[in-house]
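K.L.:
Below is one structure. I have some questions about it.
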Amino acid sequence: MNNQTKACFKKEMLAYFRTKKFLIISLVIIGLAMLSPLFIAGMSLLMDAMSDIYDEFGMDITTMTGTLISSSSIGVSSSVSDITGTAIIVVLLMLNSAAGGEQKKRSIIIPKSSGLKSFSYIFPKFIIYPISTFICALIGIFVSWGISSLLFEVNDVTFAGVLTAGIITGTCLMMYVCFHLTLGTATGKAGMSAAVCISAALILSNVFALIDISYMFNPFALNILAATSVHSASFTGSEISDIVITLLFAFALMIASYFIALFAQNARKIDNTGNEIDL
């Protein structure tokens with residue numbers, strides 16, 4: 001690794017940690033993972049406390065409240081949905097500056113004539129941000145499992161199921177972070193890129209579900225695959241191979257998005273003219 005790439009790694013790390021963006025992202029992901037099972041358990045307790053009121057209306061909610069806290073897989077699945085639904089919005093918005101926002105604000109100079117290579121500018125982004133979100137998601141799923149196993153009556157989630165769900169959830173976040181970095185750095189329009197990627201993350205999986213397309217081998221339905229894998233007590237050899245192939249498709253898209261971003265950065269010219277200074 002040359003000095004220029006090392007300097008860009010340092011620049012991205014400082015921008016990520018000193019601005020507290022990593023702290024906010026990690027707190028949001030892990031916080032949602034903790035709150036999801038707590039919310040479900042709290043809802044069950046609240047409905048139990050209001051059972052007399054429901055009885056007056058002839059409604060028996062015993063079965064419903066029992067189902068809510070019947071198994072820990074419900075709590076972990078809820079955490080997966082919150083991370084791939086709500087947390088991904090926060091993650092993509094927090095990474096706006098890295099995904100082309102710095103170009104628009106002219107807070108970074110990219111003078112090709114001075115020898116700064118596109119590789120040195122792009123490569124650190126595709127290492128630091130996707131990997132950090134993957135780690136946070138994986139930790140969040142395990143935290144959710146720990147809380148759910150304490151709150152729910154039956155701990156029916158295995159270590160293999162949690163690990164699989166965590167890896168798939170983290171990969172889902174990584175993929176959309178890579179898409180955001182590609183579109184944002186290629187266009188210099190971070191806001192537009194975030195809107196497109198957030199819309200894709202929230203809409204595509206629901207579209208595939210409505211038209212009844214299998215989530216297996218579909219990288220854009222990783223959130224459904226992650227939630228489903230939580231309920232699997234054990235995996236057969238064919239199921240494991242199908243999951244691995246699906247993840248490989250997702251990683252192939254990430255690698256392709258990196259090369260697209262690199263190509264676009266080499267092809268476009270960054271306008272750093274003007275007198276504005278944005279610190």
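Scheme for the structure tokens: letters A, B, ... for chains in order shown; per-chain residue numbers from 1; ligand numbers from 1 in order shown.
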Which residues are near Phe179 of chain A? Cut-off 8 Å, only C-alpha atoms, ignore same chain within fewer than 2 positions. Put them as a PyMOL selection string.
P.N.:
chain A and resi 175-177+181-183+197+254+257
K.L.:
Determine, counting only C-alpha atoms, which protein, DNA and RNA residues have an atom within 8 Å of an atom of Met94 of chain A; residues of the same chain fewer than 4 positions away are not included. Present the result as a list in words.
P.N.:
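Answer for this query is Lys21, Ile25 and Val90 of chain A.
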K.L.:
I need the residues from that last selection saved to file as a tab-separated table (two decimals), in the first residue's frame (with N, CA and C atoms), if you can.
P.N.:
```tsv
chain	number	residue	atom	x	y	z
A	21	LYS	N	-19.75	9.72	13.55
A	21	LYS	CA	-20.68	9.01	12.66
A	21	LYS	C	-20.69	7.51	12.95
A	25	ILE	N	-23.97	5.36	14.11
A	25	ILE	CA	-24.39	4.18	13.35
A	25	ILE	C	-24.43	2.95	14.25
A	90	VAL	N	-30.72	5.32	8.46
A	90	VAL	CA	-29.77	6.14	9.22
A	90	VAL	C	-28.36	5.94	8.69
```
K.L.:
Skipping near chain neighbours, those fewer than 6 positions away, what residues fall within 10 Å of Ile131 of chain A using only C-alpha atoms, listed as a PyMOL selection string?
P.N.:
chain A and resi 125+137+170-171+173-174+177
K.L.:
When you look at Ala165 of chain A with a cut-off of 6 Å (counting only C-alpha atoms), what residues show up, excluding the ones that are within fewer than 3 positions of it in the same chain? I need them as a ChimeraX atom specification.
P.N.:
/A:162,168-169,226,229-230
K.L.:
For a quick check of understanding, using only C-alpha atoms, which of A:Leu247, A:Leu93, A:Ile141, A:Cys136 has the smallest distance to Ser81 of chain A?
P.N.:
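For Ser81 of chain A, the nearest of the candidates is A:Ile141.
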K.L.:
Rank nothing, just name the residue among A:Ile139, A:Val154, A:Ala41, A:Ile89 nearest to Leu202 of chain A, using only C-alpha atoms.
P.N.:
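Looking only at the distances to Leu202 of chain A, the closest residue turns out to be A:Ile89.
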K.L.:
Excluding same-chain residues fewer than 2 positions from Leu32 of chain A, what lies within 10 Å of it counting only C-alpha atoms, as an MDAnalysis selection string?
P.N.:
chainID A and resid 26:30 34:39 78:83 86:87 140:141 144
K.L.:
So, counting only C-alpha atoms, which residue among A:Tyr258, A:Ser120, A:Ala227, A:Ala194 is closest to Asn3 of chain A?
P.N.:
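Nearest to Asn3 of chain A: A:Ser120.
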K.L.:
Quick one: residues within 10 Å of Tyr129 of chain A, only C-alpha atoms counted, chain neighbours fewer than 6 positions away excluded, as a list of chain:residue names?
P.N.:
A:Glu12, A:Met13, A:Tyr16, A:Phe22, A:Val91, A:Leu95, A:Ala98, A:Met174, A:Val177, A:Cys178, A:Leu181
K.L.:
Any chance you can output those residues with C-alpha atoms as a JSON list (two decimals), in the first residue's frame?
P.N.:
```json
[["chain", "number", "residue", "atom", "x", "y", "z"],
["A", 12, "GLU", "CA", -11.63, 8.40, 5.94],
["A", 13, "MET", "CA", -11.02, 6.99, 9.41],
["A", 16, "TYR", "CA", -15.70, 8.57, 10.29],
["A", 22, "PHE", "CA", -19.45, 5.54, 13.53],
["A", 91, "VAL", "CA", -26.64, 4.39, 7.93],
["A", 95, "LEU", "CA", -22.54, 8.27, 4.99],
["A", 98, "ALA", "CA", -18.35, 9.96, 2.09],
["A", 174, "MET", "CA", -22.91, -3.76, 3.14],
["A", 177, "VAL", "CA", -23.67, 0.99, 1.47],
["A", 178, "CYS", "CA", -21.62, 0.00, -1.59],
["A", 181, "LEU", "CA", -20.89, 4.94, -2.35]]
```
K.L.:
Between A:Leu151, A:Asn218, A:Phe249, A:Phe119, which has the minimum distance to Asn2 of chain A (counting only C-alpha atoms)?
P.N.:
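Ranked by minimum distance to Asn2 of chain A, first place goes to A:Phe119.
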